[in-house]
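K.L.:
Structure supplied as entry-v3.cif; contents: mmCIF, C-alpha atoms and all ligand atoms.
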data_query
#
loop_
_atom_site.label_atom_id
_atom_site.label_comp_id
_atom_site.auth_asym_id
_atom_site.auth_seq_id
_atom_site.Cartn_x
_atom_site.Cartn_y
_atom_site.Cartn_z
CA MET A 133 56.55 38.94 62.47
CA LYS A 134 55.87 41.84 60.15
CA ASN A 135 52.10 41.86 59.79
CA SER A 136 50.36 43.67 62.64
CA GLY A 137 47.52 41.15 62.71
CA THR A 138 50.09 38.41 63.26
CA ILE A 139 51.79 40.41 66.04
CA ALA A 140 48.43 40.87 67.80
CA ALA A 141 47.58 37.19 67.50
CA ALA A 142 50.97 35.62 68.09
CA ASN A 143 53.45 37.83 69.99
CA GLY A 144 54.75 35.74 72.91
CA ILE A 145 52.83 32.59 71.94
CA ALA A 146 54.58 29.27 72.63
CA LYS A 147 57.63 30.85 74.25
CA ASP A 148 57.29 29.36 77.75
CA ALA A 149 60.65 27.88 78.70
CA ALA A 150 59.36 26.14 81.85
CA PHE A 151 56.56 23.89 80.49
CA GLY A 152 56.04 24.81 76.86
CA ALA A 153 52.71 26.54 77.62
CA VAL A 154 51.32 27.85 74.34
CA THR A 155 49.51 30.73 76.05
CA PRO A 156 51.97 32.97 77.91
CA PRO A 157 51.57 32.32 81.65
CA LEU A 158 50.12 34.86 84.07
CA TYR A 159 52.71 35.91 86.67
CA LEU A 160 50.75 37.39 89.55
CA SER A 161 53.71 37.46 91.91
CA SER A 162 54.47 40.86 93.41
CA ASN A 163 58.13 39.96 93.94
CA PHE A 164 60.87 37.70 92.57
CA ALA A 165 63.61 35.87 94.47
CA PHE A 166 67.19 37.09 94.28
CA ARG A 167 69.53 34.54 92.72
CA GLU A 168 72.00 35.15 95.54
CA PHE A 169 73.06 37.94 97.90
CA GLU A 170 73.31 41.25 96.00
CA HIS A 171 72.28 39.59 92.70
CA GLU A 172 68.71 39.91 91.55
CA GLN A 173 67.32 37.91 88.64
CA GLU A 174 65.65 39.49 85.58
CA TYR A 175 62.67 40.55 87.70
CA GLU A 176 62.68 41.96 91.20
CA TYR A 177 59.43 43.72 92.07
CA SER A 178 56.21 43.93 90.00
CA ARG A 179 55.65 47.68 90.38
CA THR A 180 58.88 48.12 88.44
CA SER A 181 58.66 45.23 86.02
CA ASN A 182 56.52 42.11 85.57
CA PRO A 183 56.71 39.45 82.83
CA THR A 184 52.97 39.44 82.04
CA ARG A 185 52.73 43.23 81.90
CA ASN A 186 55.97 43.40 79.90
CA LEU A 187 54.59 41.06 77.25
CA LEU A 188 51.55 43.31 76.82
CA ALA A 189 53.83 46.38 76.65
CA ASP A 190 56.04 44.67 74.07
CA THR A 191 52.99 43.74 71.96
CA LEU A 192 51.56 47.28 72.10
CA ALA A 193 54.95 48.82 71.26
CA LYS A 194 55.25 46.55 68.22
CA LEU A 195 51.69 47.30 67.10
CA GLU A 196 52.33 51.05 67.32
CA SER A 197 55.85 50.78 65.82
CA GLY A 198 57.27 52.41 68.95
CA GLY A 199 60.49 51.94 70.90
CA GLY A 200 58.64 50.62 73.96
CA ALA A 201 55.52 50.97 76.06
CA ILE A 202 54.43 51.48 79.64
CA VAL A 203 51.23 49.74 80.70
CA THR A 204 49.25 51.79 83.21
CA SER A 205 46.29 51.17 85.49
CA SER A 206 43.90 53.31 83.39
CA GLY A 207 43.80 55.55 80.36
CA MET A 208 43.82 58.57 82.69
CA ALA A 209 46.96 57.21 84.39
CA ALA A 210 48.52 57.07 80.91
CA VAL A 211 47.58 60.72 80.27
CA HIS A 212 48.90 61.67 83.72
CA LEU A 213 52.16 59.81 83.07
CA VAL A 214 52.74 61.86 79.92
CA LEU A 215 51.93 65.09 81.78
CA GLY A 216 54.58 64.09 84.33
CA LEU A 217 57.21 64.94 81.69
CA LEU A 218 56.33 68.65 82.08
CA HIS A 219 57.86 71.26 84.36
CA PRO A 220 56.11 74.26 85.95
CA GLY A 221 55.77 77.11 83.45
CA GLU A 222 55.84 74.79 80.42
CA ARG A 223 52.80 74.88 78.17
CA VAL A 224 50.51 72.11 76.92
CA VAL A 225 48.35 72.69 73.87
CA ALA A 226 45.31 70.41 73.94
CA PRO A 227 42.15 70.09 71.84
CA HIS A 228 39.19 72.04 73.18
CA ASP A 229 36.96 69.04 72.49
CA CYS A 230 39.10 66.28 74.02
CA TYR A 231 37.76 63.52 76.28
CA GLY A 232 36.13 65.14 79.33
CA GLY A 233 38.42 63.36 81.80
CA THR A 234 41.54 64.58 79.97
CA HIS A 235 40.12 68.11 79.90
CA ARG A 236 39.37 67.95 83.64
CA LEU A 237 42.86 66.62 84.52
CA LEU A 238 44.63 69.25 82.40
CA ALA A 239 42.55 72.03 83.98
CA ALA A 240 43.07 70.71 87.53
CA LEU A 241 46.86 70.32 87.17
CA HIS A 242 47.04 73.78 85.61
CA ASP A 243 45.11 75.21 88.58
CA LYS A 244 47.64 73.58 90.92
CA GLY A 245 50.49 75.28 89.04
CA HIS A 246 51.95 72.16 87.40
CA PHE A 247 52.02 73.70 83.90
CA GLU A 248 50.26 76.14 81.58
CA VAL A 249 47.50 74.83 79.36
CA GLU A 250 45.87 76.19 76.23
CA PHE A 251 42.74 74.52 74.82
CA VAL A 252 42.39 75.21 71.10
CA ASP A 253 40.36 74.12 68.13
CA GLN A 254 43.03 72.03 66.45
CA GLN A 255 41.04 71.91 63.22
CA ASN A 256 41.81 75.59 62.91
CA GLU A 257 45.42 75.76 61.71
CA ASP A 258 45.75 79.48 62.52
CA ALA A 259 44.41 79.03 66.07
CA LEU A 260 46.85 76.17 66.60
CA ALA A 261 49.74 78.19 65.16
CA ALA A 262 48.84 81.13 67.41
CA ALA A 263 48.78 78.87 70.49
CA LEU A 264 52.15 77.35 69.53
CA GLN A 265 53.70 80.79 69.04
CA LEU A 266 53.32 81.32 72.77
CA GLY A 267 55.70 78.37 73.21
CA ALA A 268 54.77 74.77 73.97
CA ALA A 269 56.46 71.72 75.43
CA LEU A 270 53.68 69.27 74.60
CA VAL A 271 50.86 69.08 72.07
CA ILE A 272 48.11 66.55 72.71
CA VAL A 273 45.98 65.38 69.82
CA GLU A 274 42.93 63.16 70.08
CA THR A 275 41.80 61.94 66.71
CA PRO A 276 39.07 61.16 65.93
CA SER A 277 37.87 63.33 68.77
CA ASN A 278 35.52 62.22 71.51
CA PRO A 279 32.56 62.62 70.96
CA LEU A 280 32.39 64.70 67.77
CA MET A 281 34.58 62.47 65.60
CA ARG A 282 36.56 65.40 64.23
CA VAL A 283 39.74 64.23 62.54
CA SER A 284 42.99 66.16 63.05
CA ASP A 285 45.92 65.99 60.67
CA ILE A 286 48.64 64.26 62.75
CA GLU A 287 51.40 64.81 60.19
CA ALA A 288 50.68 68.54 59.84
CA ILE A 289 50.36 69.06 63.61
CA SER A 290 53.57 67.09 64.17
CA ARG A 291 55.40 69.49 61.82
CA GLN A 292 53.92 72.49 63.64
CA ALA A 293 54.79 71.03 67.07
CA LYS A 294 58.37 70.20 66.02
CA SER A 295 58.89 73.72 64.68
CA VAL A 296 58.51 75.05 68.25
CA GLY A 297 60.32 72.10 69.89
CA ALA A 298 57.19 70.54 71.40
CA ARG A 299 56.59 66.80 71.81
CA LEU A 300 53.46 65.43 70.13
CA ALA A 301 51.30 62.92 72.04
CA VAL A 302 48.39 61.32 70.18
CA ASP A 303 45.51 59.64 71.99
CA ASN A 304 44.82 56.69 69.67
CA THR A 305 42.05 55.18 71.80
CA PHE A 306 39.24 55.62 69.27
CA LEU A 307 40.92 53.73 66.44
CA SER A 308 43.60 51.54 68.02
CA PRO A 309 46.83 50.65 66.18
CA ALA A 310 44.75 48.47 63.88
CA LEU A 311 43.42 51.57 62.11
CA GLN A 312 45.89 54.37 62.85
CA GLN A 313 49.66 54.57 63.36
CA PRO A 314 50.48 57.97 64.94
CA ILE A 315 54.24 57.33 65.35
CA ALA A 316 54.60 56.74 61.61
CA LEU A 317 52.87 60.12 61.16
CA GLY A 318 55.31 61.95 63.44
CA ALA A 319 53.98 61.45 66.99
CA ASP A 320 56.52 61.10 69.82
CA LEU A 321 54.08 59.43 72.19
CA VAL A 322 50.88 57.43 71.77
CA ILE A 323 48.33 57.24 74.56
CA HIS A 324 45.71 54.53 74.96
CA SER A 325 42.83 53.80 77.19
CA THR A 326 43.25 50.03 76.75
CA THR A 327 39.87 49.82 78.50
CA LYS A 328 38.43 50.34 75.00
CA TYR A 329 39.31 48.52 71.75
CA LEU A 330 42.59 46.95 72.86
CA ASN A 331 41.00 44.94 75.65
CA GLY A 332 37.69 45.08 73.85
CA HIS A 333 35.57 43.11 76.32
CA SER A 334 34.60 45.79 78.87
CA ASP A 335 36.14 43.89 81.77
CA VAL A 336 39.37 45.82 82.37
CA VAL A 337 40.20 49.46 83.06
CA GLY A 338 43.71 50.05 81.78
CA GLY A 339 45.97 52.27 79.75
CA ALA A 340 49.29 52.53 77.96
CA VAL A 341 51.83 55.02 76.69
CA ILE A 342 53.97 54.04 73.72
CA ALA A 343 57.15 56.07 73.20
CA ALA A 344 58.84 56.50 69.85
CA ASN A 345 62.32 57.07 71.30
CA SER A 346 64.36 55.50 74.08
CA ILE A 347 64.98 58.74 76.03
CA ASP A 348 61.26 59.39 76.48
CA LEU A 349 60.73 55.69 77.21
CA GLU A 350 63.31 55.64 80.00
CA ASN A 351 61.94 58.85 81.52
CA LEU A 352 58.41 57.50 81.45
CA GLN A 353 59.43 54.09 82.84
CA SER A 354 61.27 55.75 85.68
CA TRP A 355 58.34 58.10 86.45
CA ALA A 356 55.86 55.21 86.25
CA ASN A 357 57.95 53.25 88.75
CA MET A 358 58.26 56.23 91.11
CA THR A 359 54.55 57.01 91.05
CA GLY A 360 53.38 53.38 91.00
CA ILE A 361 50.79 53.73 88.25
CA ALA A 362 51.56 50.41 86.55
CA GLY A 363 48.73 48.16 85.39
CA SER A 364 48.20 44.92 87.29
CA PRO A 365 49.46 41.59 85.87
CA PHE A 366 45.93 40.16 85.82
CA ASP A 367 44.56 43.13 83.87
CA SER A 368 47.54 42.88 81.53
CA TYR A 369 46.80 39.20 80.94
CA LEU A 370 43.16 39.93 80.11
CA THR A 371 44.10 42.86 77.89
CA LEU A 372 46.60 40.76 75.94
CA ARG A 373 43.87 38.15 75.51
CA GLY A 374 41.67 40.93 74.08
CA VAL A 375 44.42 42.18 71.77
CA ARG A 376 44.58 38.71 70.15
CA SER A 377 41.28 39.38 68.36
CA LEU A 378 41.65 43.16 67.90
CA PHE A 379 41.89 43.17 64.13
CA LEU A 380 38.94 40.81 63.62
CA ARG A 381 36.72 42.67 66.08
CA ILE A 382 37.41 46.10 64.71
CA GLU A 383 36.96 45.00 61.10
CA ARG A 384 33.47 43.68 61.83
CA GLN A 385 32.55 46.56 64.18
CA GLN A 386 33.50 49.24 61.68
CA ARG A 387 31.58 47.51 58.88
CA THR A 388 28.44 47.61 61.02
CA ALA A 389 29.21 51.21 62.08
CA GLY A 390 29.26 52.26 58.42
CA ALA A 391 25.81 50.71 57.92
CA VAL A 392 24.48 52.38 61.09
CA ALA A 393 25.87 55.78 60.00
CA ASP A 394 24.23 55.43 56.57
CA PHE A 395 20.93 54.49 58.21
CA LEU A 396 20.94 57.36 60.73
CA ASP A 397 22.00 59.82 58.03
CA GLN A 398 18.71 59.19 56.20
CA ARG A 399 16.47 59.74 59.22
CA PRO A 400 14.46 62.96 59.59
CA GLU A 401 14.68 62.80 63.42
CA ILE A 402 18.45 63.32 63.17
CA SER A 403 20.01 66.61 62.08
CA VAL A 404 23.60 65.42 61.64
CA VAL A 405 25.63 62.23 61.90
CA HIS A 406 29.29 62.57 62.87
CA TYR A 407 31.11 59.65 61.21
CA PRO A 408 34.31 60.17 59.21
CA GLY A 409 33.27 57.38 56.83
CA LEU A 410 30.38 59.48 55.47
CA ALA A 411 31.35 61.35 52.30
CA THR A 412 29.65 64.43 53.79
CA HIS A 413 31.87 64.44 56.91
CA PRO A 414 34.11 67.55 56.79
CA ASN A 415 37.25 65.46 57.38
CA HIS A 416 36.30 62.48 55.21
CA GLU A 417 39.30 62.81 52.87
CA LEU A 418 41.78 63.34 55.68
CA ALA A 419 40.39 60.28 57.49
CA GLN A 420 40.71 58.24 54.29
CA ARG A 421 44.35 59.28 53.93
CA GLN A 422 45.42 59.08 57.58
CA GLN A 423 43.49 56.06 58.85
CA SER A 424 43.22 52.54 57.51
CA GLY A 425 39.52 52.44 58.39
CA PHE A 426 36.82 54.76 59.71
CA GLY A 427 36.35 52.97 63.02
CA ALA A 428 33.28 51.89 64.92
CA MET A 429 32.45 55.08 66.84
CA LEU A 430 29.95 57.68 65.72
CA SER A 431 27.75 60.36 67.19
CA PHE A 432 24.61 62.13 66.06
CA GLU A 433 22.36 65.04 66.94
CA LEU A 434 18.80 64.06 67.73
CA ASN A 435 16.15 66.72 67.06
CA GLY A 436 13.87 67.55 69.97
CA GLY A 437 16.47 68.20 72.68
CA ILE A 438 16.73 66.44 75.98
CA ALA A 439 13.10 65.22 75.97
CA ALA A 440 13.65 63.32 72.71
CA VAL A 441 16.96 61.93 74.03
CA ARG A 442 15.19 60.64 77.14
CA ARG A 443 12.47 58.84 75.15
CA PHE A 444 14.93 57.48 72.58
CA VAL A 445 17.38 55.91 75.04
CA ALA A 446 14.53 54.49 77.12
CA ALA A 447 13.17 52.67 74.07
CA LEU A 448 16.48 51.02 73.07
CA LYS A 449 16.67 47.29 73.75
CA ILE A 450 20.06 46.20 72.41
CA PHE A 451 22.13 49.33 72.87
CA THR A 452 23.01 49.82 76.54
CA LEU A 453 23.07 53.33 78.01
CA ALA A 454 26.56 53.33 79.52
CA GLU A 455 29.90 55.11 79.49
CA SER A 456 32.97 53.66 77.79
CA LEU A 457 33.32 52.27 74.29
CA GLY A 458 35.20 49.81 72.14
CA GLY A 459 33.77 46.63 73.67
CA ILE A 460 31.97 43.75 72.01
CA GLU A 461 28.61 45.20 73.13
CA SER A 462 26.92 48.20 71.52
CA LEU A 463 26.68 51.21 73.80
CA ILE A 464 25.05 54.60 73.69
CA ALA A 465 26.12 57.59 75.78
CA HIS A 466 24.83 61.11 76.26
CA PRO A 467 28.08 63.12 76.52
CA ALA A 468 26.49 66.24 78.08
CA THR A 469 25.29 64.30 81.15
CA MET A 470 27.78 61.42 81.14
CA THR A 471 31.31 61.31 79.66
CA HIS A 472 31.73 65.09 79.29
CA VAL A 473 29.86 66.32 82.37
CA GLY A 474 33.17 67.03 84.20
CA MET A 475 34.18 69.55 81.55
CA GLY A 476 31.50 72.05 82.58
CA ALA A 477 28.70 73.65 80.54
CA GLU A 478 30.76 76.53 79.17
CA ALA A 479 33.58 74.32 77.84
CA ARG A 480 30.97 71.94 76.35
CA LEU A 481 29.37 74.84 74.52
CA VAL A 482 32.74 75.93 73.09
CA ALA A 483 33.47 72.33 72.04
CA GLY A 484 30.06 71.97 70.36
CA ILE A 485 28.70 69.26 72.66
CA GLY A 486 24.97 69.96 72.82
CA GLU A 487 22.07 68.38 74.68
CA GLY A 488 20.82 66.42 71.67
CA LEU A 489 24.18 64.76 71.00
CA LEU A 490 24.38 60.98 71.44
CA ARG A 491 27.53 58.89 71.02
CA VAL A 492 27.41 55.31 69.87
CA SER A 493 29.98 52.52 70.13
CA ILE A 494 29.14 49.68 67.77
CA GLY A 495 29.71 46.16 69.04
CA LEU A 496 29.59 42.71 67.52
CA GLU A 497 25.82 42.18 67.40
CA ALA A 498 24.20 41.53 64.00
CA GLU A 499 23.77 44.65 61.89
CA GLU A 500 20.09 43.94 61.23
CA ASP A 501 19.30 43.75 64.96
CA LEU A 502 21.06 47.04 65.67
CA LEU A 503 19.33 48.81 62.80
CA SER A 504 15.96 47.52 63.90
CA ASP A 505 16.61 48.62 67.51
CA LEU A 506 17.46 52.13 66.30
CA ALA A 507 14.46 52.27 63.94
CA SER A 508 11.92 51.27 66.60
CA SER A 509 13.42 53.63 69.17
CA LEU A 510 13.32 56.54 66.71
CA ALA A 511 9.68 55.68 66.07
CA ALA A 512 9.09 55.82 69.84
CA ILE A 513 10.08 59.49 70.13
CA ALA A 514 7.49 60.71 67.64
N1 LIG B 601 41.19 58.91 76.26
C1 LIG B 601 40.02 58.74 75.62
C2 LIG B 601 39.91 59.16 74.19
C3 LIG B 601 38.93 58.18 76.28
O1 LIG B 601 37.77 58.04 75.63
C4 LIG B 601 39.06 57.81 77.64
C5 LIG B 601 37.92 57.23 78.39
O2 LIG B 601 36.80 57.19 77.94
C6 LIG B 601 40.28 58.01 78.28
C7 LIG B 601 41.33 58.55 77.57
C8 LIG B 601 40.47 57.64 79.72
O3 LIG B 601 40.59 56.26 79.85
P1 LIG B 601 40.19 55.41 81.18
O4 LIG B 601 38.73 55.54 81.33
O5 LIG B 601 40.68 54.03 80.85
O6 LIG B 601 40.93 56.03 82.32
#
Take the structure I supplied and represent it as structure tokens, if you would.
P.N.:
Amino acid sequence: MKNSGTIAAANGIAKDAAFGAVTPPLYLSSNFAFREFEHEQEYEYSRTSNPTRNLLADTLAKLESGGGAIVTSSGMAAVHLVLGLLHPGERVVAPHDCYGGTHRLLAALHDKGHFEVEFVDQQNEDALAAALQLGAALVIVETPSNPLMRVSDIEAISRQAKSVGARLAVDNTFLSPALQQPIALGADLVIHSTTKYLNGHSDVVGGAVIAANSIDLENLQSWANMTGIAGSPFDSYLTLRGVRSLFLRIERQQRTAGAVADFLDQRPEISVVHYPGLATHPNHELAQRQQSGFGAMLSFELNGGIAAVRRFVAALKIFTLAESLGGIESLIAHPATMTHVGMGAEARLVAGIGEGLLRVSIGLEAEEDLLSDLASSLAAIA
């Protein structure tokens, strides 16, 4: 199987040796019988290894062109797993506008003395170079960034990271392997909140780390087993079911997102739309080169501050005010009071996350219904 769409749809299909089940079975069992005294079979205990979770890991590793993957119980567990590679005194360089939960975890582990952390504007090559000059063991990139949709140059950052001997981990949650391949661009590790596009149905919280090389993979597998952060077989089963339609979903979602971005961009109530697909987006050309699509996430600044935000979200009928993203339903979030509240007001200010900023995840509803919902809600704030 060479085509990624085929891997997503067909990896592991019709391989059941017991009954010829077309859909790979769900193995919920926590443990597996030994063949005989002192001789285990292929599987022993599900914290360490489980056939259903392994099939999801194998599919994700193939989709990201990695050497292997570890499926975790959440996206944050995946971030934490990667941070477990670090030793006290080593330095992590992370984007100043990363996902609020990642920011909070990095800051908390730094405060406990686990490692040093430097938050920088990774769009600024000089600032990144200056941070790397201090020495770094790990660079984390999140592109496009959450919630401002800023696109970082993975290839260039990978070169910079390698020049100081740092590993590069890319959080590919916002695009999924369907639209971006960080390992091919030089990443050592890819992080996912599979809660988002990979599962795609907003009914699982999960995560994954894909490693480019076998040494990192073995280290991560061993650490994941020691700490017990593996995803459950049932969640893995559901996530693999979601992955089957990943390419179709994202294709349709990003087409609608493009139309929504164009619509919002024309509206006088909105000062700026952050969507890399817009020709006016500062990283439009980089996104065109680095990604195979612009994705289905966007954010925009509503004029009129928090009062306008309140009226606008109250008027929406199809978009649901909720955290998370990447599901089949369209969502709207207010980062300053929701996803990025844990980061603190000062860090939000530095990252450029203001009170009028709204983030949208486009689902599978008809484009005309979404546009009409947005138009009538914008009319309601006047
Ligand atoms: N990374 C990004 C970019 C995210 O948006 C999120 C969650 O929103 C996470 C990581 C954390 O994932 P989870 O909520 O599955 O723990």
K.L.:
Here is a test: counting only C-alpha atoms and all ligand atoms, which residue of A:His406, A:Arg167, A:His324, A:Arg373 is nearest to ligand LIG 601 (chain B)?
P.N.:
A:His324
K.L.:
May I have the residues within 9 Å of ligand LIG 601 (chain B), computed using all atoms listed in the file, as a short mmCIF file (atom, residue, chain, number, x, y, z; two decimals) with C-alpha atoms, in the frame of the given file?
P.N.:
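Below you can see result_18.cif, which holds the result:
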data_model
loop_
_atom_site.label_atom_id
_atom_site.label_comp_id
_atom_site.auth_asym_id
_atom_site.auth_seq_id
_atom_site.Cartn_x
_atom_site.Cartn_y
_atom_site.Cartn_z
CA SER A 205 46.29 51.17 85.49
CA SER A 206 43.90 53.31 83.39
CA GLY A 207 43.80 55.55 80.36
CA MET A 208 43.82 58.57 82.69
CA ALA A 209 46.96 57.21 84.39
CA ALA A 210 48.52 57.07 80.91
CA VAL A 211 47.58 60.72 80.27
CA CYS A 230 39.10 66.28 74.02
CA TYR A 231 37.76 63.52 76.28
CA GLY A 232 36.13 65.14 79.33
CA GLY A 233 38.42 63.36 81.80
CA THR A 234 41.54 64.58 79.97
CA GLU A 274 42.93 63.16 70.08
CA THR A 275 41.80 61.94 66.71
CA PRO A 276 39.07 61.16 65.93
CA SER A 277 37.87 63.33 68.77
CA ASN A 278 35.52 62.22 71.51
CA PRO A 279 32.56 62.62 70.96
CA ASP A 303 45.51 59.64 71.99
CA ASN A 304 44.82 56.69 69.67
CA THR A 305 42.05 55.18 71.80
CA PHE A 306 39.24 55.62 69.27
CA ILE A 323 48.33 57.24 74.56
CA HIS A 324 45.71 54.53 74.96
CA SER A 325 42.83 53.80 77.19
CA THR A 326 43.25 50.03 76.75
CA THR A 327 39.87 49.82 78.50
CA LYS A 328 38.43 50.34 75.00
CA VAL A 336 39.37 45.82 82.37
CA VAL A 337 40.20 49.46 83.06
CA GLY A 338 43.71 50.05 81.78
CA GLY A 339 45.97 52.27 79.75
CA GLU A 455 29.90 55.11 79.49
CA SER A 456 32.97 53.66 77.79
CA LEU A 457 33.32 52.27 74.29
CA THR A 471 31.31 61.31 79.66
#
K.L.:
I'd like the interatomic distance between CA of Asp253 in chain A and CA of Ser284 in chain A, to a tenth of an Å.
P.N.:
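So the answer is 9.8 Å.
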K.L.:
Excluding Leu510 in chain A and residues on its chain fewer than 3 positions from it, collect all residues at most 10 Å away from it, counting all atoms listed in the file, and give them as a list in words.
P.N.:
Leu396, Arg399, Pro400, Glu401, Ile402, Leu434, Ala440, Val441, Arg443, Phe444, Val445, Ala447, Leu448, Ser504, Asp505, Leu506, Ala507, Ile513 and Ala514 of chain A
K.L.:
Pick the closest to Tyr159 in chain A from A:Pro314, A:Gly425, A:Pro365, A:Gly332: which is it, counting only C-alpha atoms?
P.N.:
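Closest residue, counting only C-alpha atoms: A:Pro365.
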K.L.:
Figure out the distance between CA of Ile315 in chain A and CA of Ala142 in chain A, please, to one decimal in Å.
P.N.:
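Interatomic distance here is 22.1 Å.
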K.L.:
Check the smallest atom-to-atom distance from each of A:Leu280, A:Ser368, A:Arg299, A:Ile289 to Val492 in chain A using all atoms listed in the file, then report the winner.
P.N.:
A:Leu280
K.L.:
Counting all atoms listed in the file, which residue out of A:Ala240, A:Ile438, A:Met429, A:Ala483 sits closest to Ile464 in chain A?
P.N.:
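Going through A:Ala240, A:Ile438, A:Met429, A:Ala483 one by one, the smallest distance to Ile464 in chain A is for A:Met429.
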K.L.:
Measuring between all atoms listed in the file, which one of A:Gly363, A:Leu430, A:Ser354, A:Gln422 shows the shortest distance to Leu410 in chain A?
P.N.:
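Once distances to Leu410 in chain A are computed over all atoms listed in the file, the minimum belongs to A:Leu430.
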K.L.:
Do you have the CA of Ala140 in chain A-CA of Leu195 in chain A distance handy?
P.N.:
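Pair CA of Ala140 in chain A / CA of Leu195 in chain A returns 7.2 Å.
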K.L.:
Write out as JSON, numbers by chain which residues come within 12 Å of Leu238 in chain A when counting only C-alpha atoms, dropping same-chain ones fewer than 6 positions away.
P.N.:
{"A": [208, 211, 212, 214, 215, 216, 218, 223, 224, 225, 226, 227, 228, 230, 231, 232, 244, 245, 246, 247, 248, 249, 250, 251, 270, 272, 474, 475]}
K.L.:
For Ala343 in chain A, find every residue with an atom within 7 Å (counting all atoms listed in the file), except residues of its own chain fewer than 2 positions away, and show them as a JSON list (two decimals) with C-alpha atoms, keeping the file's coordinate frame.
P.N.:
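Contents of the output file out-v5.json:
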[["chain", "number", "residue", "atom", "x", "y", "z"],
["A", 198, "GLY", "CA", 57.27, 52.41, 68.95],
["A", 199, "GLY", "CA", 60.49, 51.94, 70.90],
["A", 200, "GLY", "CA", 58.64, 50.62, 73.96],
["A", 201, "ALA", "CA", 55.52, 50.97, 76.06],
["A", 320, "ASP", "CA", 56.52, 61.10, 69.82],
["A", 321, "LEU", "CA", 54.08, 59.43, 72.19],
["A", 322, "VAL", "CA", 50.88, 57.43, 71.77],
["A", 341, "VAL", "CA", 51.83, 55.02, 76.69],
["A", 345, "ASN", "CA", 62.32, 57.07, 71.30],
["A", 348, "ASP", "CA", 61.26, 59.39, 76.48],
["A", 349, "LEU", "CA", 60.73, 55.69, 77.21]]
K.L.:
For Gln255 in chain A, please output as a list of chain:residue names all residues within 8 Å (counting all atoms listed in the file; exclusion window: fewer than 3 positions along the same chain).
P.N.:
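What passes the distance filter is A:Leu260, A:Arg282, A:Val283, A:Ser284.
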K.L.:
Next, the residues of the selection above should be written as a PDB file, in the frame of the given file with C-alpha atoms.
P.N.:
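Written output follows (again.pdb):
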ATOM      1  CA  LEU A 260      46.850  76.170  66.600  1.00  0.00           C
ATOM      2  CA  ARG A 282      36.560  65.400  64.230  1.00  0.00           C
ATOM      3  CA  VAL A 283      39.740  64.230  62.540  1.00  0.00           C
ATOM      4  CA  SER A 284      42.990  66.160  63.050  1.00  0.00           C
TER       5      SER A 284
END
K.L.:
In terms of the shortest atom-to-atom distance over only C-alpha atoms, which of A:Ala268, A:Ala259, A:Ala465, A:Ala512 is closest to Leu489 in chain A?
P.N.:
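Among A:Ala268, A:Ala259, A:Ala465, A:Ala512, it is A:Ala465 that comes nearest to Leu489 in chain A.
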K.L.:
Write out as an mmCIF file with C-alpha atoms, in the frame of the given file each polymer residue whose atoms come within 12 Å of Gly486 in chain A, counting all atoms listed in the file; drop sequence neighbours fewer than 6 positions from it.
P.N.:
data_model
loop_
_atom_site.group_PDB
_atom_site.id
_atom_site.type_symbol
_atom_site.label_atom_id
_atom_site.label_comp_id
_atom_site.auth_asym_id
_atom_site.auth_seq_id
_atom_site.Cartn_x
_atom_site.Cartn_y
_atom_site.Cartn_z
ATOM 1 C CA PRO A 279 32.560 62.620 70.960
ATOM 2 C CA LEU A 280 32.390 64.700 67.770
ATOM 3 C CA SER A 431 27.750 60.360 67.190
ATOM 4 C CA PHE A 432 24.610 62.130 66.060
ATOM 5 C CA GLU A 433 22.360 65.040 66.940
ATOM 6 C CA LEU A 434 18.800 64.060 67.730
ATOM 7 C CA ASN A 435 16.150 66.720 67.060
ATOM 8 C CA GLY A 436 13.870 67.550 69.970
ATOM 9 C CA GLY A 437 16.470 68.200 72.680
ATOM 10 C CA ILE A 438 16.730 66.440 75.980
ATOM 11 C CA VAL A 441 16.960 61.930 74.030
ATOM 12 C CA HIS A 466 24.830 61.110 76.260
ATOM 13 C CA PRO A 467 28.080 63.120 76.520
ATOM 14 C CA ALA A 468 26.490 66.240 78.080
ATOM 15 C CA THR A 469 25.290 64.300 81.150
ATOM 16 C CA HIS A 472 31.730 65.090 79.290
ATOM 17 C CA VAL A 473 29.860 66.320 82.370
ATOM 18 C CA GLY A 476 31.500 72.050 82.580
ATOM 19 C CA ALA A 477 28.700 73.650 80.540
ATOM 20 C CA GLU A 478 30.760 76.530 79.170
ATOM 21 C CA ALA A 479 33.580 74.320 77.840
ATOM 22 C CA ARG A 480 30.970 71.940 76.350
#
